[in-house]
>>> print(open('my_file-v2.cif').read())   # mmCIF, C-alpha atoms and all ligand atoms
data_input
#
loop_
_atom_site.label_atom_id
_atom_site.label_comp_id
_atom_site.auth_asym_id
_atom_site.auth_seq_id
_atom_site.Cartn_x
_atom_site.Cartn_y
_atom_site.Cartn_z
CA MET A 1 133.08 -24.13 4.82
CA PRO A 2 136.68 -23.95 6.02
CA VAL A 3 137.70 -21.54 8.78
CA GLY A 4 140.48 -19.13 7.80
CA ILE A 5 143.45 -18.54 10.08
CA PHE A 6 145.70 -15.58 9.42
CA ASP A 7 149.09 -14.65 10.83
CA SER A 8 151.98 -12.49 9.69
CA GLY A 9 154.08 -15.64 9.46
CA ILE A 10 154.40 -19.06 11.07
CA GLY A 11 153.51 -18.01 14.65
CA GLY A 12 149.78 -18.54 14.14
CA LEU A 13 150.55 -22.23 13.64
CA THR A 14 150.55 -22.51 17.44
CA VAL A 15 146.88 -21.51 17.28
CA GLN A 16 146.16 -23.57 14.14
CA GLN A 17 147.58 -26.72 15.78
CA ALA A 18 145.44 -26.25 18.88
CA ILE A 19 142.32 -25.65 16.77
CA ALA A 20 143.05 -28.71 14.61
CA ALA A 21 143.40 -30.83 17.77
CA ARG A 22 140.16 -29.46 19.27
CA LEU A 23 138.12 -29.54 16.02
CA PRO A 24 139.67 -32.35 13.95
CA ASP A 25 136.81 -32.46 11.38
CA GLN A 26 136.83 -28.74 10.65
CA PRO A 27 138.93 -27.84 7.58
CA LEU A 28 141.28 -24.89 8.21
CA VAL A 29 142.96 -22.68 5.64
CA TYR A 30 146.07 -21.04 7.08
CA LEU A 31 147.60 -17.96 5.47
CA GLY A 32 150.96 -16.59 6.60
CA ASP A 33 152.14 -13.25 5.22
CA ASN A 34 155.78 -14.30 5.53
CA LEU A 35 156.80 -11.85 2.85
CA HIS A 36 155.93 -8.95 5.16
CA ALA A 37 156.71 -10.48 8.58
CA PRO A 38 157.35 -9.29 11.17
CA TYR A 39 154.31 -7.03 11.54
CA GLY A 40 155.37 -6.03 15.04
CA VAL A 41 157.71 -3.33 13.78
CA ARG A 42 155.30 -1.93 11.14
CA ASP A 43 152.97 1.04 11.48
CA ALA A 44 149.24 0.70 12.09
CA GLU A 45 148.24 1.66 8.53
CA GLN A 46 150.40 -1.04 6.95
CA ILE A 47 149.20 -3.67 9.41
CA PHE A 48 145.58 -2.72 8.64
CA GLU A 49 146.12 -2.87 4.86
CA PHE A 50 147.96 -6.21 4.86
CA THR A 51 145.46 -7.77 7.25
CA CYS A 52 142.46 -6.70 5.14
CA GLN A 53 144.14 -7.86 1.93
CA HIS A 54 144.85 -11.34 3.28
CA THR A 55 141.48 -11.66 4.96
CA GLU A 56 139.96 -11.08 1.50
CA ARG A 57 142.23 -13.79 0.11
CA LEU A 58 140.86 -16.19 2.74
CA TRP A 59 137.31 -15.29 1.69
CA GLU A 60 138.30 -16.49 -1.82
CA GLU A 61 139.11 -19.85 -0.18
CA GLY A 62 135.51 -19.97 1.06
CA CYS A 63 136.30 -18.87 4.63
CA ASP A 64 133.47 -16.59 5.78
CA LEU A 65 134.96 -16.76 9.27
CA VAL A 66 138.59 -15.67 9.66
CA ILE A 67 140.58 -15.88 12.89
CA LEU A 68 143.34 -13.32 13.20
CA ALA A 69 145.83 -15.66 14.88
CA CYS A 70 148.14 -12.70 15.25
CA ASN A 71 148.03 -10.45 18.29
CA THR A 72 149.59 -7.60 16.38
CA ALA A 73 146.80 -7.63 13.76
CA SER A 74 144.17 -8.25 16.47
CA ALA A 75 145.47 -5.37 18.60
CA VAL A 76 146.14 -2.88 15.82
CA ALA A 77 143.64 -3.63 13.01
CA LEU A 78 140.68 -5.71 14.22
CA LYS A 79 138.56 -2.97 15.81
CA ARG A 80 138.93 -0.75 12.73
CA MET A 81 138.13 -3.69 10.41
CA GLN A 82 134.96 -4.50 12.33
CA GLU A 83 133.85 -0.88 12.54
CA THR A 84 134.67 0.36 9.04
CA TRP A 85 135.41 -2.41 6.60
CA LEU A 86 133.83 -5.79 7.25
CA PRO A 87 130.79 -6.77 5.13
CA LYS A 88 127.74 -8.02 7.05
CA ASN A 89 128.03 -11.65 5.89
CA LYS A 90 131.66 -12.10 7.06
CA ARG A 91 133.18 -12.53 10.51
CA VAL A 92 136.69 -11.78 11.74
CA LEU A 93 137.67 -12.76 15.27
CA GLY A 94 140.87 -11.90 17.12
CA VAL A 95 142.97 -13.81 19.63
CA PHE A 96 143.32 -11.05 22.19
CA VAL A 97 139.92 -11.05 23.87
CA PRO A 98 139.77 -14.84 24.57
CA LEU A 99 143.16 -14.53 26.28
CA ILE A 100 142.00 -11.63 28.46
CA GLU A 101 138.80 -13.51 29.29
CA ALA A 102 140.95 -16.42 30.49
CA VAL A 103 143.18 -14.18 32.63
CA THR A 104 140.11 -12.48 34.15
CA GLU A 105 138.25 -15.80 34.60
CA ARG A 106 135.35 -14.89 32.34
CA ASN A 107 133.31 -16.91 29.91
CA TRP A 108 133.05 -15.98 26.26
CA GLY A 109 131.18 -12.70 25.80
CA ASP A 110 130.53 -12.10 29.53
CA ALA A 111 129.72 -8.38 29.44
CA SER A 112 129.22 -7.81 33.17
CA PRO A 113 130.97 -4.77 34.71
CA PRO A 114 134.68 -4.93 35.54
CA ARG A 115 135.47 -6.65 38.84
CA GLU A 116 138.43 -7.59 41.02
CA VAL A 117 140.20 -10.75 39.88
CA ALA A 118 142.78 -13.10 41.39
CA VAL A 119 145.75 -11.75 39.44
CA ASP A 120 146.92 -8.29 40.44
CA GLN A 121 150.28 -8.04 38.64
CA VAL A 122 150.47 -9.13 35.01
CA ALA A 123 153.54 -9.21 32.79
CA LEU A 124 152.71 -8.80 29.11
CA PHE A 125 155.21 -9.97 26.48
CA ALA A 126 154.30 -8.89 22.95
CA THR A 127 155.57 -7.26 19.78
CA PRO A 128 156.45 -3.54 19.81
CA ALA A 129 153.28 -2.71 17.79
CA THR A 130 151.02 -4.65 20.16
CA VAL A 131 152.58 -3.00 23.21
CA ALA A 132 152.30 0.46 21.61
CA SER A 133 148.59 -0.10 20.79
CA ARG A 134 147.77 -0.53 24.51
CA ALA A 135 144.92 -2.79 23.34
CA PHE A 136 145.64 -5.28 26.14
CA GLN A 137 145.25 -2.65 28.84
CA ARG A 138 142.11 -1.27 27.13
CA GLU A 139 140.39 -4.66 26.87
CA LEU A 140 141.51 -5.61 30.38
CA ALA A 141 140.02 -2.41 31.84
CA PHE A 142 136.58 -3.42 30.47
CA ARG A 143 136.76 -6.63 32.50
CA ALA A 144 138.92 -6.19 35.61
CA ILE A 145 139.86 -3.58 38.16
CA GLY A 146 143.05 -3.22 40.16
CA VAL A 147 145.36 -5.11 37.80
CA ASP A 148 148.84 -3.66 37.17
CA VAL A 149 150.19 -4.46 33.72
CA GLU A 150 153.87 -4.17 32.86
CA ALA A 151 154.45 -4.62 29.14
CA GLN A 152 157.70 -5.70 27.51
CA PRO A 153 158.12 -5.18 23.76
CA CYS A 154 160.11 -8.23 22.69
CA GLY A 155 162.04 -6.90 19.69
CA GLY A 156 163.84 -9.47 17.55
CA VAL A 157 162.13 -12.65 18.77
CA VAL A 158 159.70 -13.04 15.84
CA ASP A 159 162.46 -12.30 13.33
CA ALA A 160 164.68 -14.97 14.85
CA LEU A 161 161.87 -17.58 14.84
CA GLU A 162 160.84 -16.75 11.27
CA GLN A 163 164.49 -17.31 10.32
CA ASP A 164 164.51 -20.63 12.15
CA ASP A 165 167.08 -19.41 14.73
CA PHE A 166 165.67 -20.81 17.98
CA GLU A 167 168.86 -20.22 19.94
CA LEU A 168 168.89 -16.51 19.24
CA ALA A 169 165.15 -16.30 19.97
CA ALA A 170 165.64 -18.01 23.36
CA GLU A 171 168.52 -15.70 24.24
CA LEU A 172 166.40 -12.66 23.39
CA VAL A 173 163.50 -14.00 25.48
CA ARG A 174 165.79 -14.37 28.52
CA SER A 175 166.97 -10.79 28.17
CA HIS A 176 163.40 -9.43 27.67
CA VAL A 177 162.20 -11.31 30.76
CA ALA A 178 165.13 -9.95 32.80
CA ALA A 179 164.28 -6.40 31.63
CA LEU A 180 160.65 -6.81 32.70
CA LEU A 181 161.53 -8.33 36.09
CA ARG A 182 163.64 -5.28 36.85
CA ARG A 183 160.44 -3.19 36.59
CA MET A 184 157.99 -5.74 38.05
CA PRO A 185 159.94 -8.21 40.24
CA LYS A 186 156.99 -10.42 41.22
CA PRO A 187 154.32 -10.79 38.52
CA ARG A 188 151.52 -13.26 39.37
CA ALA A 189 150.84 -14.05 35.72
CA ALA A 190 152.62 -13.65 32.43
CA VAL A 191 150.78 -13.32 29.13
CA LEU A 192 152.47 -14.45 25.93
CA GLY A 193 150.77 -11.89 23.72
CA CYS A 194 152.27 -13.05 20.45
CA THR A 195 151.43 -16.32 18.76
CA HIS A 196 155.09 -16.99 18.02
CA TYR A 197 156.04 -17.11 21.69
CA PRO A 198 154.34 -20.33 22.91
CA ILE A 199 157.02 -22.30 21.10
CA LEU A 200 159.41 -20.81 23.71
CA LYS A 201 157.00 -21.17 26.63
CA ASP A 202 159.52 -23.25 28.61
CA VAL A 203 162.15 -20.54 28.20
CA PHE A 204 159.70 -17.90 29.47
CA GLN A 205 158.64 -20.12 32.38
CA ASP A 206 162.21 -20.92 33.31
CA ALA A 207 163.26 -17.25 33.24
CA LEU A 208 160.16 -16.11 35.17
CA GLY A 209 160.28 -18.84 37.80
CA PRO A 210 157.79 -21.58 38.71
CA GLU A 211 155.44 -19.38 40.74
CA VAL A 212 154.38 -17.33 37.69
CA ASP A 213 151.37 -18.62 35.67
CA VAL A 214 152.23 -18.35 31.99
CA TYR A 215 149.23 -17.92 29.67
CA SER A 216 149.49 -18.71 25.97
CA GLN A 217 146.77 -18.68 23.38
CA GLY A 218 146.50 -22.00 21.53
CA THR A 219 144.03 -23.92 23.67
CA ILE A 220 142.26 -20.78 24.90
CA VAL A 221 141.47 -19.66 21.34
CA ALA A 222 140.56 -23.21 20.25
CA GLU A 223 138.00 -23.46 23.09
CA SER A 224 136.53 -20.04 22.22
CA LEU A 225 136.23 -21.03 18.57
CA ALA A 226 134.56 -24.35 19.43
CA ASP A 227 132.06 -22.41 21.51
CA TYR A 228 131.51 -19.87 18.72
CA LEU A 229 130.95 -22.56 16.08
CA GLN A 230 128.45 -24.31 18.26
CA ARG A 231 126.44 -21.10 18.36
CA HIS A 232 127.01 -20.41 14.62
CA PRO A 233 126.65 -23.78 12.89
CA GLU A 234 126.30 -22.03 9.52
CA MET A 235 130.07 -21.34 9.72
CA VAL A 236 130.96 -25.06 10.03
CA GLY A 237 131.50 -27.43 7.14
CA ALA A 238 133.84 -29.79 5.35
CA ASP A 239 132.87 -28.93 1.78
CA ARG A 240 136.39 -27.68 0.89
CA PRO A 241 139.73 -29.01 2.12
CA GLY A 242 142.09 -27.14 4.43
CA ARG A 243 145.54 -26.00 3.30
CA PHE A 244 148.52 -23.79 4.11
CA LEU A 245 149.25 -20.68 2.06
CA THR A 246 152.10 -18.21 2.21
CA THR A 247 153.06 -14.95 0.53
CA GLY A 248 156.69 -16.02 1.01
CA ASP A 249 158.76 -18.76 -0.61
CA PRO A 250 156.77 -21.98 0.03
CA LYS A 251 159.92 -24.12 0.29
CA VAL A 252 161.62 -21.90 2.86
CA VAL A 253 158.40 -21.39 4.83
CA SER A 254 157.55 -25.13 4.82
CA LYS A 255 161.00 -25.91 6.26
CA ALA A 256 160.78 -23.27 9.01
CA ALA A 257 157.16 -24.20 9.78
CA SER A 258 157.96 -27.91 10.06
CA HIS A 259 160.75 -27.14 12.52
CA PHE A 260 158.46 -24.74 14.39
CA VAL A 261 155.65 -27.27 14.98
CA GLY A 262 157.83 -30.39 15.02
CA LYS A 263 156.11 -32.16 12.14
CA PRO A 264 155.89 -31.76 8.37
CA VAL A 265 153.82 -28.82 7.15
CA VAL A 266 153.58 -28.10 3.42
CA PHE A 267 152.86 -24.54 2.33
CA ASN A 268 151.71 -23.43 -1.13
CA ALA A 269 152.03 -19.99 -2.70
CA VAL A 270 148.97 -17.73 -2.25
N1 LIG B 301 152.70 -13.68 15.72
C1 LIG B 301 152.16 -12.39 15.57
C2 LIG B 301 151.59 -11.87 16.86
O1 LIG B 301 150.90 -12.64 17.51
C3 LIG B 301 152.94 -11.39 14.79
C4 LIG B 301 154.34 -11.15 15.10
C5 LIG B 301 154.97 -10.22 14.09
O2 LIG B 301 154.73 -10.39 12.88
O3 LIG B 301 155.69 -9.32 14.50
O4 LIG B 301 151.74 -10.74 17.23
#
>>> encode(input="my_file-v2.cif", output="structure tokens", more="lines below")
Ligand code: DGL
Amino acid sequence: MPVGIFDSGIGGLTVQQAIAARLPDQPLVYLGDNLHAPYGVRDAEQIFEFTCQHTERLWEEGCDLVILACNTASAVALKRMQETWLPKNKRVLGVFVPLIEAVTERNWGDASPPREVAVDQVALFATPATVASRAFQRELAFRAIGVDVEAQPCGGVVDALEQDDFELAAELVRSHVAALLRRMPKPRAAVLGCTHYPILKDVFQDALGPEVDVYSQGTIVAESLADYLQRHPEMVGADRPGRFLTTGDPKVVSKAASHFVGKPVVFNAV
């Protein structure tokens, strides 16, 4: 069966591309809710409702396993979905925990008590909703002690990328990094806690300086998924083809997505 990948828009393509490279035989159905992007400025109730609705749509495509390739949905809706909504025969995984496991040098599912780790000062760049949820700090506290987190809500960046305006997005990134460095002048690591941001990883790195380790999610999530599928072979299969779906205008989204990933991507209407 195909694996479903959900994002509010085109940002999750950074995760989809990494998964496709790591698991080339695994069909993937991607769904972007471009009509309602960005999620990062919406309230928790709306994010929960949209995420559930589109996860159900991916079930109709045969995807019993859905990856929320959206930090905002992972941070704001995933816990509630798993606790109150998800049927027993379906799985929904987020992109937040694999990232935190990487920063805290843990393997998948390592549930040992929190311990000291190499990084002590972490800069988090994410959407306003993800920052407000404090999910990063909560998940980090389960795994590490003594880590200072300074979070920067990066308003406007997702909007600019969804509208194919890379120049504006890069300008906004530079000003968000400068704002964070005023509060935390020497972070050891920076976490790109939004799947749209890896496309501007060089801009983040350049603005932060070469001594800062910049973590982004594509390969981290792809490795976690490969590990998960090995342990759950019933979720693997090539019985249905992969495809790209959008709630937005397929023509407009295909154009922006192709620019975003640097190769042609053809979206269909949901
Ligand atoms: N790319 C998504 C994330 O990882 C969502 C951004 C948005 O829709 O605001 O947070």
>>> closest_residue(input="my_file-v2.cif", among="A:Gly209, A:Gly155, A:Pro2, A:Pro198", to="Leu181 (chain A)", atoms="only C-alpha atoms")
A:Gly209
>>> axis_aligned_box(input="my_file-v2.cif", around="region 221-229 of chain A", padding_each_side="6 Å", output="AutoDock Vina command-line options")
--center_x 136.2 --center_y -22.0 --center_z 19.6 --size_x 22.5 --size_y 16.7 --size_z 19.0
>>> residues_near_ligand(input="my_file-v2.cif", ligand="ligand LIG 301 (chain B)", cutoff="6 Å", atoms="all atoms listed in the file", output="list in words")
Ser8, Gly11, Gly12, Ala37, Pro38, Tyr39, Gly40, Cys70, Asn71, Thr72, Thr127, Val158, Cys194, Thr195 and His196 of chain A
>>> closest_residue(input="my_file-v2.cif", among="A:Ile5, A:Trp85, A:Pro113, A:Glu234", to="Ala20 (chain A)", atoms="all atoms listed in the file")
A:Ile5
>>> atom_distance(input="my_file-v2.cif", atom1="CA of Ala178 (chain A)", atom2="CA of Val157 (chain A)")
14.6 Å
>>> atom_distance(input="my_file-v2.cif", atom1="CA of Gly248 (chain A)", atom2="CA of Ala77 (chain A)")
21.6 Å
>>> residues_around(input="my_file-v2.cif", residues="Ala207 (chain A)", least_positions_apart="6", cutoff="12 Å", atoms="only C-alpha atoms", output="PyMOL selection string")
chain A and resi 170-181+185+190+200-201+214
>>> closest_residue(input="my_file-v2.cif", among="A:Val191, A:Val149, A:Leu93, A:Ala111", to="Ser216 (chain A)", atoms="only C-alpha atoms")
A:Val191
>>> closest_residue(input="my_file-v2.cif", among="A:Ala126, A:Val252, A:Ile47, A:Val97", to="Arg143 (chain A)", atoms="only C-alpha atoms")
A:Val97
>>> closest_residue(input="my_file-v2.cif", among="A:Gln16, A:Phe204, A:Gly242, A:Val119", to="Leu28 (chain A)", atoms="all atoms listed in the file")
A:Gly242
>>> residues_around(input="my_file-v2.cif", residues="Glu162 (chain A)", least_positions_apart="3", cutoff="8 Å", atoms="all atoms listed in the file", output="PyMOL selection string")
chain A and resi 9-10+37+158-159+165+256
>>> atom_distance(input="my_file-v2.cif", atom1="CA of Arg231 (chain A)", atom2="CA of Trp108 (chain A)")
11.5 Å
>>> build_atoms(input="my_file-v2.cif", residues="region 205-223 of chain A", atoms="N, CA and C atoms", output="short mmCIF file (atom, residue, chain, number, x, y, z; two decimals), in the frame of the given file")
data_model
loop_
_atom_site.label_atom_id
_atom_site.label_comp_id
_atom_site.auth_asym_id
_atom_site.auth_seq_id
_atom_site.Cartn_x
_atom_site.Cartn_y
_atom_site.Cartn_z
N GLN A 205 158.95 -19.61 31.04
CA GLN A 205 158.64 -20.12 32.38
C GLN A 205 159.91 -20.23 33.23
N ASP A 206 160.96 -20.74 32.61
CA ASP A 206 162.21 -20.92 33.31
C ASP A 206 162.79 -19.57 33.78
N ALA A 207 162.71 -18.57 32.90
CA ALA A 207 163.26 -17.25 33.24
C ALA A 207 162.38 -16.52 34.26
N LEU A 208 161.07 -16.80 34.25
CA LEU A 208 160.16 -16.11 35.17
C LEU A 208 160.10 -16.79 36.53
N GLY A 209 160.36 -18.08 36.55
CA GLY A 209 160.28 -18.84 37.80
C GLY A 209 158.96 -19.59 37.88
N PRO A 210 158.94 -20.66 38.71
CA PRO A 210 157.79 -21.58 38.71
C PRO A 210 156.52 -20.99 39.31
N GLU A 211 156.65 -19.91 40.09
CA GLU A 211 155.44 -19.38 40.74
C GLU A 211 154.61 -18.48 39.81
N VAL A 212 155.12 -18.19 38.62
CA VAL A 212 154.38 -17.33 37.69
C VAL A 212 153.54 -18.21 36.73
N ASP A 213 152.23 -17.91 36.64
CA ASP A 213 151.37 -18.62 35.67
C ASP A 213 151.58 -18.02 34.29
N VAL A 214 151.99 -18.85 33.34
CA VAL A 214 152.23 -18.35 31.99
C VAL A 214 151.04 -18.73 31.09
N TYR A 215 150.39 -17.70 30.54
CA TYR A 215 149.23 -17.92 29.67
C TYR A 215 149.66 -17.83 28.21
N SER A 216 149.29 -18.84 27.41
CA SER A 216 149.49 -18.71 25.97
C SER A 216 148.18 -19.07 25.29
N GLN A 217 148.10 -18.78 23.97
CA GLN A 217 146.77 -18.68 23.38
C GLN A 217 146.18 -19.93 22.75
N GLY A 218 147.02 -20.89 22.32
CA GLY A 218 146.50 -22.00 21.53
C GLY A 218 145.18 -22.58 22.02
N THR A 219 145.23 -23.21 23.20
CA THR A 219 144.03 -23.92 23.67
C THR A 219 142.91 -22.95 24.04
N ILE A 220 143.28 -21.77 24.53
CA ILE A 220 142.26 -20.78 24.90
C ILE A 220 141.45 -20.37 23.67
N VAL A 221 142.15 -20.08 22.57
CA VAL A 221 141.47 -19.66 21.34
C VAL A 221 140.68 -20.84 20.74
N ALA A 222 141.25 -22.03 20.80
CA ALA A 222 140.56 -23.21 20.25
C ALA A 222 139.23 -23.43 20.98
N GLU A 223 139.25 -23.28 22.31
CA GLU A 223 138.00 -23.46 23.09
C GLU A 223 136.98 -22.39 22.72
#
